[in-house]
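Visitor: Sharing work32.pdb below, PDB, C-alpha atoms:
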```
MODEL        1
ATOM      1  CA  MET C 199     -11.928 -19.468  13.081
ATOM      2  CA  ASP C 200     -13.448 -21.373  10.138
ATOM      3  CA  ARG C 201     -11.954 -22.025   6.701
ATOM      4  CA  GLN C 202     -13.742 -19.077   5.102
ATOM      5  CA  ASN C 203     -12.218 -16.609   7.545
ATOM      6  CA  LEU C 204      -8.803 -18.258   7.210
ATOM      7  CA  PHE C 205      -9.143 -17.777   3.454
ATOM      8  CA  ILE C 206      -9.924 -14.077   3.944
ATOM      9  CA  PHE C 207      -6.927 -13.684   6.228
ATOM     10  CA  ASN C 208      -4.644 -15.307   3.656
ATOM     11  CA  LEU C 209      -5.968 -12.925   0.996
ATOM     12  CA  TYR C 210      -5.226 -10.080   3.393
ATOM     13  CA  TYR C 211      -1.734 -11.436   4.101
ATOM     14  CA  TYR C 212      -0.947 -11.245   0.391
ATOM     15  CA  LEU C 213      -2.228  -7.663   0.356
ATOM     16  CA  LEU C 214      -0.063  -6.886   3.383
ATOM     17  CA  ASN C 215       3.099  -7.973   1.572
ATOM     18  CA  LEU C 216       2.124  -5.971  -1.483
ATOM     19  CA  ARG C 217       1.399  -2.939   0.708
ATOM     20  CA  ASP C 218       4.725  -3.257   2.513
ATOM     21  CA  THR C 219       6.564  -2.972  -0.809
ATOM     22  CA  LEU C 220       5.954   0.772  -0.417
ATOM     23  CA  GLU C 221       8.588   0.819   2.331
ATOM     24  CA  TYR C 222      11.285   0.833  -0.348
ATOM     25  CA  ALA C 223      10.341   4.432  -1.091
ATOM     26  CA  ILE C 224      11.759   5.294   2.349
ATOM     27  CA  PRO C 225      15.476   6.197   2.122
ATOM     28  CA  ARG C 226      16.846   3.896   4.831
ATOM     29  CA  GLU C 227      18.530   0.510   5.136
ATOM     30  CA  HIS C 228      16.496  -2.481   3.941
ATOM     31  CA  GLU C 229      17.299  -6.100   4.771
ATOM     32  CA  TYR C 230      17.609  -8.517   1.855
ATOM     33  CA  PHE C 231      16.181 -11.286   4.047
ATOM     34  CA  MET C 232      12.886  -9.392   4.270
ATOM     35  CA  LEU C 233      12.877  -8.715   0.535
ATOM     36  CA  SER C 234      13.382 -12.404  -0.280
ATOM     37  CA  GLN C 235      10.545 -13.407   2.060
ATOM     38  CA  ARG C 236       8.229 -10.801   0.568
ATOM     39  CA  LYS C 237       9.153 -11.822  -2.970
ATOM     40  CA  LYS C 238       8.327 -15.462  -2.177
ATOM     41  CA  VAL C 239       4.904 -14.585  -0.753
ATOM     42  CA  LEU C 240       4.044 -12.385  -3.731
ATOM     43  CA  THR C 241       5.424 -14.747  -6.373
ATOM     44  CA  ASP C 242       4.058 -18.007  -4.950
ATOM     45  CA  GLY C 243       0.767 -16.389  -4.011
ATOM     46  CA  ILE C 244      -0.427 -15.763  -7.560
ATOM     47  CA  GLU C 245       0.072 -19.445  -8.384
ATOM     48  CA  SER C 246      -1.346 -20.990  -5.214
ATOM     49  CA  GLY C 247      -2.964 -20.093  -1.909
ATOM     50  CA  ALA C 248      -5.932 -17.792  -1.444
ATOM     51  CA  ILE C 249      -5.146 -15.170  -4.097
ATOM     52  CA  GLY C 250      -4.088 -17.880  -6.563
ATOM     53  CA  SER C 251      -7.382 -19.676  -6.000
ATOM     54  CA  PHE C 252      -9.329 -16.463  -6.604
ATOM     55  CA  LEU C 253      -7.424 -15.745  -9.822
ATOM     56  CA  LYS C 254      -8.072 -19.252 -11.199
ATOM     57  CA  GLN C 255     -11.777 -19.051 -10.421
ATOM     58  CA  ASN C 256     -12.228 -15.734 -12.205
ATOM     59  CA  ASN C 257     -11.158 -16.744 -15.713
ATOM     60  CA  GLU C 258     -10.341 -13.760 -17.970
ATOM     61  CA  ASN C 259     -10.627 -11.181 -15.198
ATOM     62  CA  GLY C 260      -8.434 -13.330 -12.986
ATOM     63  CA  GLU C 261      -5.847 -13.653 -15.758
ATOM     64  CA  LYS C 262      -5.830  -9.885 -16.237
ATOM     65  CA  ILE C 263      -5.265  -9.270 -12.517
ATOM     66  CA  LYS C 264      -2.612 -11.998 -12.424
ATOM     67  CA  GLU C 265      -0.757 -10.459 -15.359
ATOM     68  CA  GLY C 266      -0.743  -7.031 -13.692
ATOM     69  CA  LEU C 267       0.560  -8.484 -10.433
ATOM     70  CA  LYS C 268       3.180 -10.666 -12.135
ATOM     71  CA  ASN C 269       4.552  -7.842 -14.271
ATOM     72  CA  SER C 270       4.831  -5.553 -11.246
ATOM     73  CA  ILE C 271       6.462  -8.222  -9.078
ATOM     74  CA  ASP C 272       8.967  -9.019 -11.844
ATOM     75  CA  GLU C 273       9.892  -5.368 -12.318
ATOM     76  CA  LEU C 274      10.331  -4.785  -8.599
ATOM     77  CA  TYR C 275      11.701  -8.097  -7.335
ATOM     78  CA  GLY C 276      13.107  -9.780 -10.436
ATOM     79  CA  ASP C 277      16.819 -10.449 -10.915
ATOM     80  CA  ASP C 278      16.937  -7.751 -13.609
ATOM     81  CA  SER C 279      15.179  -5.116 -11.496
ATOM     82  CA  THR C 280      16.672  -1.634 -11.779
ATOM     83  CA  ILE C 281      14.785  -0.515  -8.664
ATOM     84  CA  LEU C 282      15.746  -3.116  -6.023
ATOM     85  CA  LYS C 283      19.197  -4.729  -6.077
ATOM     86  CA  LYS C 284      20.837  -7.176  -3.654
ATOM     87  CA  ASP C 285      23.846  -5.592  -1.972
ATOM     88  CA  GLY C 286      25.315  -8.169   0.397
ATOM     89  CA  GLU C 287      22.759  -8.645   3.173
ATOM     90  CA  LYS C 288      21.104  -5.328   2.326
ATOM     91  CA  VAL C 289      19.012  -3.974  -0.528
ATOM     92  CA  ARG C 290      20.166  -1.097  -2.696
ATOM     93  CA  VAL C 291      17.150   0.976  -3.726
ATOM     94  CA  ASP C 292      17.159   3.447  -6.589
ATOM     95  CA  ASN C 293      15.005   6.098  -4.922
ATOM     96  CA  THR C 294      15.018   8.215  -8.081
ATOM     97  CA  GLN C 295      12.407   5.645  -9.190
ATOM     98  CA  ASN C 296      10.070   6.123  -6.230
ATOM     99  CA  ILE C 297       7.285   7.258  -8.545
ATOM    100  CA  ARG C 298       7.627   3.969 -10.421
ATOM    101  CA  ILE C 299       7.326   2.067  -7.124
ATOM    102  CA  PHE C 300       4.038   3.879  -6.468
ATOM    103  CA  GLU C 301       2.861   3.120 -10.004
ATOM    104  CA  LEU C 302       3.530  -0.579  -9.563
ATOM    105  CA  VAL C 303       2.027  -0.908  -6.086
ATOM    106  CA  VAL C 304      -0.872   1.506  -5.547
ATOM    107  CA  GLY C 305      -3.195   0.256  -8.301
ATOM    108  CA  ASN C 306      -2.462  -3.431  -7.746
ATOM    109  CA  ALA C 307      -2.903  -3.074  -3.991
ATOM    110  CA  GLU C 308      -6.317  -1.503  -4.534
ATOM    111  CA  THR C 309      -7.337  -4.365  -6.807
ATOM    112  CA  VAL C 310      -6.372  -6.964  -4.186
ATOM    113  CA  ARG C 311      -8.029  -4.873  -1.477
ATOM    114  CA  ASP C 312     -11.258  -4.942  -3.492
ATOM    115  CA  VAL C 313     -11.011  -8.747  -3.580
ATOM    116  CA  VAL C 314     -10.572  -8.848   0.204
ATOM    117  CA  TYR C 315     -13.614  -6.625   0.710
ATOM    118  CA  GLY C 316     -15.626  -8.743  -1.710
ATOM    119  CA  TYR C 317     -15.077 -11.839   0.443
ATOM    120  CA  ILE C 318     -15.646  -9.857   3.630
ATOM    121  CA  ASN C 319     -18.986  -8.569   2.378
ATOM    122  CA  PHE C 320     -20.041 -12.059   1.287
ATOM    123  CA  ALA C 321     -19.149 -13.577   4.657
ATOM    124  CA  LYS C 322     -20.902 -10.705   6.419
ATOM    125  CA  SER C 323     -24.071 -11.296   4.384
ATOM    126  CA  LYS C 324     -24.081 -14.898   5.626
ATOM    127  CA  ASN C 325     -23.332 -13.829   9.230
ATOM    128  CA  ASP C 326     -20.130 -15.877   8.980
ATOM    129  CA  LEU C 327     -17.543 -13.127   9.272
ATOM    130  CA  ASP C 328     -15.161 -13.316  12.214
ATOM    131  CA  GLU C 329     -15.215  -9.918  13.917
ATOM    132  CA  SER C 330     -11.469 -10.054  14.571
ATOM    133  CA  ILE C 331     -10.831 -10.232  10.804
ATOM    134  CA  LEU C 332     -13.167  -7.324  10.147
ATOM    135  CA  ASP C 333     -11.500  -5.273  12.880
ATOM    136  CA  LEU C 334      -8.053  -6.044  11.432
ATOM    137  CA  VAL C 335      -9.012  -4.920   7.935
ATOM    138  CA  LYS C 336     -10.619  -1.743   9.301
ATOM    139  CA  LYS C 337      -7.460  -0.868  11.195
ATOM    140  CA  ASP C 338      -5.345  -1.692   8.164
ATOM    141  CA  GLU C 339      -7.503   0.591   6.029
ATOM    142  CA  ILE C 340      -6.656   3.586   8.194
ATOM    143  CA  LEU C 341      -2.982   2.659   8.405
ATOM    144  CA  TYR C 342      -2.646   2.039   4.664
ATOM    145  CA  ARG C 343      -4.250   5.334   3.633
ATOM    146  CA  THR C 344      -1.954   7.142   6.070
ATOM    147  CA  ILE C 345       1.161   5.406   4.690
ATOM    148  CA  VAL C 346       0.195   6.181   1.095
ATOM    149  CA  ALA C 347      -0.494   9.820   1.918
ATOM    150  CA  LEU C 348       2.731  10.198   3.898
ATOM    151  CA  LEU C 349       5.108   8.630   1.363
ATOM    152  CA  ILE C 350       3.575  10.131  -1.768
ATOM    153  CA  PHE C 351       3.124  13.560  -0.226
ATOM    154  CA  ARG C 352       6.842  13.589   0.674
ATOM    155  CA  GLU C 353       7.699  12.803  -2.939
ATOM    156  CA  TYR C 354       5.279  15.477  -4.123
ATOM    157  CA  GLU C 355       7.015  18.035  -1.919
ATOM    158  CA  LYS C 356      10.396  17.199  -3.487
ATOM    159  CA  SER C 357       9.025  17.475  -7.017
ATOM    160  CA  PHE C 358       7.215  20.712  -6.224
ATOM    161  CA  ALA C 359      10.441  22.229  -4.855
ATOM    162  CA  GLU C 360      12.190  21.260  -8.101
ATOM    163  CA  PHE C 361       9.340  22.786 -10.102
ATOM    164  CA  GLN C 362       9.583  26.065  -8.158
ATOM    165  CA  LYS C 363      13.361  26.145  -8.654
ATOM    166  CA  ILE C 364      13.021  25.710 -12.412
ATOM    167  CA  MET C 365      10.300  28.361 -12.619
ATOM    168  CA  SER C 366      12.390  30.791 -10.574
ATOM    169  CA  GLU C 367      15.411  30.283 -12.802
ATOM    170  CA  ASN C 368      13.209  30.895 -15.835
ATOM    171  CA  LYS C 369      11.722  34.103 -14.355
ATOM    172  CA  GLY C 370       8.319  32.531 -13.761
ATOM    173  CA  GLN C 371       7.839  31.297 -17.314
ATOM    174  CA  PRO C 372       7.000  27.672 -18.145
ATOM    175  CA  SER C 373       9.711  25.690 -19.908
ATOM    176  CA  PRO C 374      10.173  22.163 -21.252
ATOM    177  CA  GLN C 375      11.837  21.271 -17.934
ATOM    178  CA  SER C 376       9.012  22.624 -15.766
ATOM    179  CA  ASN C 377       6.403  21.026 -18.020
ATOM    180  CA  TYR C 378       8.213  17.688 -17.665
ATOM    181  CA  VAL C 379       8.098  17.879 -13.863
ATOM    182  CA  VAL C 380       4.396  18.747 -13.936
ATOM    183  CA  LYS C 381       3.444  15.986 -16.361
ATOM    184  CA  ASN C 382       5.701  13.152 -15.216
ATOM    185  CA  GLU C 383       5.947  13.833 -11.501
ATOM    186  CA  LEU C 384       3.454  16.253  -9.939
ATOM    187  CA  ASN C 385       0.388  15.147 -11.900
ATOM    188  CA  LYS C 386       1.177  11.463 -11.340
ATOM    189  CA  LEU C 387       1.764  11.880  -7.612
ATOM    190  CA  ALA C 388      -1.386  13.973  -7.180
ATOM    191  CA  GLY C 389      -3.256  11.273  -9.083
ATOM    192  CA  PHE C 390      -2.041   8.550  -6.702
ATOM    193  CA  LEU C 391      -3.118  10.607  -3.680
ATOM    194  CA  ARG C 392      -6.569  11.286  -5.098
ATOM    195  CA  PHE C 393      -6.968   7.685  -6.223
ATOM    196  CA  SER C 394      -6.233   6.421  -2.715
ATOM    197  CA  ARG C 395      -8.537   8.977  -1.112
ATOM    198  CA  SER C 396     -11.411   8.157  -3.470
ATOM    199  CA  HIS C 397     -11.133   4.441  -2.637
ATOM    200  CA  CYS C 398     -10.868   4.889   1.123
ATOM    201  CA  HIS C 399     -13.260   2.664   3.087
ATOM    202  CA  ALA C 400     -12.668   4.427   6.407
ATOM    203  CA  SER C 401     -15.499   6.619   7.644
ATOM    204  CA  ASP C 402     -14.039   8.272  10.758
ATOM    205  CA  ASN C 403     -13.631  12.023  10.535
ATOM    206  CA  LYS C 404     -10.074  12.104  11.885
ATOM    207  CA  THR C 405      -8.738   9.997   9.007
ATOM    208  CA  LEU C 406     -10.857  11.559   6.286
ATOM    209  CA  ASP C 407     -10.202  15.142   7.408
ATOM    210  CA  LEU C 408      -6.458  14.554   7.308
ATOM    211  CA  LEU C 409      -6.622  13.002   3.837
ATOM    212  CA  ASP C 410      -8.785  15.891   2.666
ATOM    213  CA  ASP C 411      -6.269  18.386   4.051
ATOM    214  CA  VAL C 412      -3.557  16.666   2.013
ATOM    215  CA  ASN C 413      -5.639  17.257  -1.103
ATOM    216  CA  LYS C 414      -6.197  20.895  -0.133
ATOM    217  CA  VAL C 415      -2.445  21.498  -0.175
ATOM    218  CA  ILE C 416      -2.180  19.772  -3.558
ATOM    219  CA  GLU C 417      -4.897  22.085  -4.871
ATOM    220  CA  MET C 418      -2.983  25.106  -3.556
ATOM    221  CA  CYS C 419       0.128  23.917  -5.405
ATOM    222  CA  GLU C 420      -1.932  23.504  -8.561
ATOM    223  CA  GLY C 421      -3.369  27.001  -8.224
ATOM    224  CA  ARG C 422      -6.890  25.652  -7.807
ATOM    225  CA  ARG C 423      -7.167  26.856  -4.209
ATOM    226  CA  ASP C 424      -5.929  30.069  -2.544
ATOM    227  CA  ARG C 425      -3.229  29.703   0.074
ATOM    228  CA  ILE C 426      -4.598  30.442   3.541
ATOM    229  CA  ASP C 427      -3.195  33.771   4.792
ATOM    230  CA  ASN C 428      -0.864  33.636   1.786
ATOM    231  CA  LYS C 429       1.590  31.596   3.861
ATOM    232  CA  PRO C 430       4.607  30.053   2.093
ATOM    233  CA  PHE C 431       4.159  26.559   0.713
ATOM    234  CA  LYS C 432       6.806  25.154   3.061
ATOM    235  CA  ASP C 433       4.534  25.925   6.020
ATOM    236  CA  PHE C 434       1.719  23.844   4.548
ATOM    237  CA  PHE C 435       4.044  20.962   3.685
ATOM    238  CA  SER C 436       5.568  21.042   7.166
ATOM    239  CA  ASP C 437       2.156  21.027   8.829
ATOM    240  CA  ILE C 438       0.827  18.083   6.791
ATOM    241  CA  ASN C 439       4.032  16.066   7.170
ATOM    242  CA  THR C 440       3.977  16.555  10.933
ATOM    243  CA  ARG C 441       0.333  15.550  11.221
ATOM    244  CA  LEU C 442       0.755  12.483   8.986
ATOM    245  CA  ASN C 443       3.768  11.313  10.998
ATOM    246  CA  GLN C 444       1.921  11.836  14.272
ATOM    247  CA  TYR C 445      -1.116   9.978  12.993
ATOM    248  CA  LEU C 446       1.038   7.113  11.715
ATOM    249  CA  SER C 447       2.660   6.744  15.149
ATOM    250  CA  GLU C 448      -0.856   6.603  16.618
ATOM    251  CA  VAL C 449      -2.528   4.102  14.264
ATOM    252  CA  GLU C 450       0.357   1.727  13.471
ATOM    253  CA  PRO C 451       0.649   0.198  16.991
ATOM    254  CA  VAL C 452      -3.139  -0.266  17.095
ATOM    255  CA  TRP C 453      -3.027  -2.170  13.809
ATOM    256  CA  LYS C 454       0.020  -4.186  14.873
ATOM    257  CA  ASN C 455      -1.621  -5.368  18.100
ATOM    258  CA  GLN C 456      -4.676  -6.524  16.194
ATOM    259  CA  PHE C 457      -2.584  -8.210  13.501
ATOM    260  CA  ASN C 458      -0.495 -10.128  16.040
ATOM    261  CA  SER C 459      -3.628 -11.196  17.878
ATOM    262  CA  VAL C 460      -5.298 -12.513  14.719
ATOM    263  CA  LEU C 461      -2.090 -14.106  13.422
ATOM    264  CA  LYS C 462      -1.742 -16.116  16.620
ATOM    265  CA  VAL C 463      -5.229 -17.573  16.134
ATOM    266  CA  VAL C 464      -4.646 -18.218  12.428
ATOM    267  CA  VAL C 465      -1.387 -20.085  13.037
ATOM    268  CA  GLU C 466      -3.067 -22.272  15.665
ATOM    269  CA  GLU C 467      -6.091 -23.003  13.456
ATOM    270  CA  GLU C 468      -3.940 -23.886  10.441
ATOM    271  CA  ARG C 469      -1.821 -26.175  12.636
ATOM    272  CA  ASN C 470      -4.983 -27.926  13.818
ATOM    273  CA  LEU C 471      -6.246 -28.358  10.259
ATOM    274  CA  LYS C 472      -2.898 -29.775   9.164
ATOM    275  CA  ASN C 473      -2.812 -32.232  12.082
ATOM    276  CA  SER C 474      -6.390 -33.280  11.383
ATOM    277  CA  ALA C 475      -5.584 -33.900   7.710
ATOM    278  CA  SER C 476      -2.526 -35.985   8.675
ATOM    279  CA  LYS C 477      -4.590 -38.147  11.017
ATOM    280  CA  ASN C 478      -7.205 -38.717   8.305
ATOM    281  CA  GLU C 479      -4.458 -39.870   5.918
ATOM    282  CA  GLU C 480      -3.086 -42.259   8.526
ATOM    283  CA  ASN C 481      -6.542 -43.613   9.416
ATOM    284  CA  PRO C 482      -8.651 -43.508   6.243
ATOM    285  CA  LYS C 483     -12.274 -44.493   6.572
ATOM    286  CA  ALA C 484     -13.147 -47.883   5.197
TER     287      ALA C 484
ENDMDL
END
```
Let's see the structure in the file written out as structure tokens.
Guide:
Amino acid sequence: MDRQNLFIFNLYYYLLNLRDTLEYAIPREHEYFMLSQRKKVLTDGIESGAIGSFLKQNNENGEKIKEGLKNSIDELYGDDSTILKKDGEKVRVDNTQNIRIFELVVGNAETVRDVVYGYINFAKSKNDLDESILDLVKKDEILYRTIVALLIFREYEKSFAEFQKIMSENKGQPSPQSNYVVKNELNKLAGFLRFSRSHCHASDNKTLDLLDDVNKVIEMCEGRRDRIDNKPFKDFFSDINTRLNQYLSEVEPVWKNQFNSVLKVVVEEERNLKNSASKNEENPKA
């Protein structure tokens, strides 16, 4: 694997750590060790390494991207974060701020993903792209869109249930409380889902049909689409959640196998480059 493909992988590795920040929206135990490792990759990366190099080379645009990444990393991983807090060897997550987690991650992840694809397309145009890297990014694309849909759709379901409760208590009439949920929760979450779908690079029907079915349910909730057979909303939510979970269990191992395979090669290549550089320092040419 040549330096160009190693560079692309290191860009992707930064994206991977940014993507994995979404896991904090899952209400389960989180290890502080993993958080500290992720924070280091994300913090150091914008100053050095592949993403840091890209940012420096792209002047004003690079500074703008860097600022967006830095502000998000600080809010999520900083010592003053109200979202993620160290709790012994674990992480205490304020899951009432899940929407804020999505706000901080989804847009930035798409920006970095665009950078990855830019380098992939350039390498491909020169017939220099390693097929294993391309295959990894393709598999990640499917996995990422599934994760985004699954986590945000779950949050949408919770907010929609709250909206229905408020409307029921108010005899079907809108109120300041229901309007707040629509504006600050439902509309934002629907926007994240549509944003991710519109930027999807996958072309297989299985992935795209599932993502489109997620949007169909959102449109039903918004009153823009009739409910099929007038079934209750809970049936549609249950169906989509089941299918997303099943699809995740199908595509995640496929991605993981490819990632581990590529990582093994990358580690070996970087070790070789480091050894070669050391030998050149010890035996400089006259």
Visitor: Would you write out, as a list in words, every residue that the PyMOL selection byres ((chain C and resi 452) around 12) captures in this file?
Guide: Asp333, Leu334, Val335, Lys336, Lys337, Asp338, Glu339, Ile340, Leu341, Tyr445, Leu446, Ser447, Glu448, Val449, Glu450, Pro451, Trp453, Lys454, Asn455, Gln456, Phe457, Asn458 and Ser459 of chain C
Visitor: Identify which of the residues C:Val291, C:Leu406, C:Leu471, C:Leu213 lies closest to Asp200 in chain C, counting only C-alpha atoms when measuring atom-to-atom distances.
Guide: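 Among the listed residues, the smallest separation from Asp200 in chain C belongs to C:Leu471.
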Visitor: With distances taken over all atoms listed in the file, which of C:Leu384, C:Ala359, C:Leu391, C:Arg423 is nearest to Thr344 in chain C?
Guide: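 Ranking C:Leu384, C:Ala359, C:Leu391, C:Arg423 by distance to Thr344 in chain C, first place goes to C:Leu391.
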Visitor: Go through C:Asn325, C:Ser246, C:Thr309, C:Ser357 one by one, measure the shortest atom-to-atom distance of each to Gly266 in chain C using only C-alpha atoms, and give the residue with the smallest value.
Guide: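 Closest to Gly266 in chain C of all the choices is C:Thr309.
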Visitor: Contacts of Glu287 in chain C at 9 Å or less, counting all atoms listed in the file, minus same-chain residues fewer than 6 places along, as a PyMOL selection string?
Guide: chain C and resi 228-231
Visitor: Which residues, named as in the file, does the PyMOL selection byres ((chain C and resi 355) around 10) pick out? Answer as a VMD selection string.
Guide: chain C and resid 350 to 354 356 to 361 384 387 416 419 431 to 432 435 to 436 439
Visitor: For this file, the PyMOL selection byres ((chain C and resi 225) around 12) selects which residues, as a PyMOL selection string?
Guide: chain C and resi 220-224+226-228+289-296+349+352-353
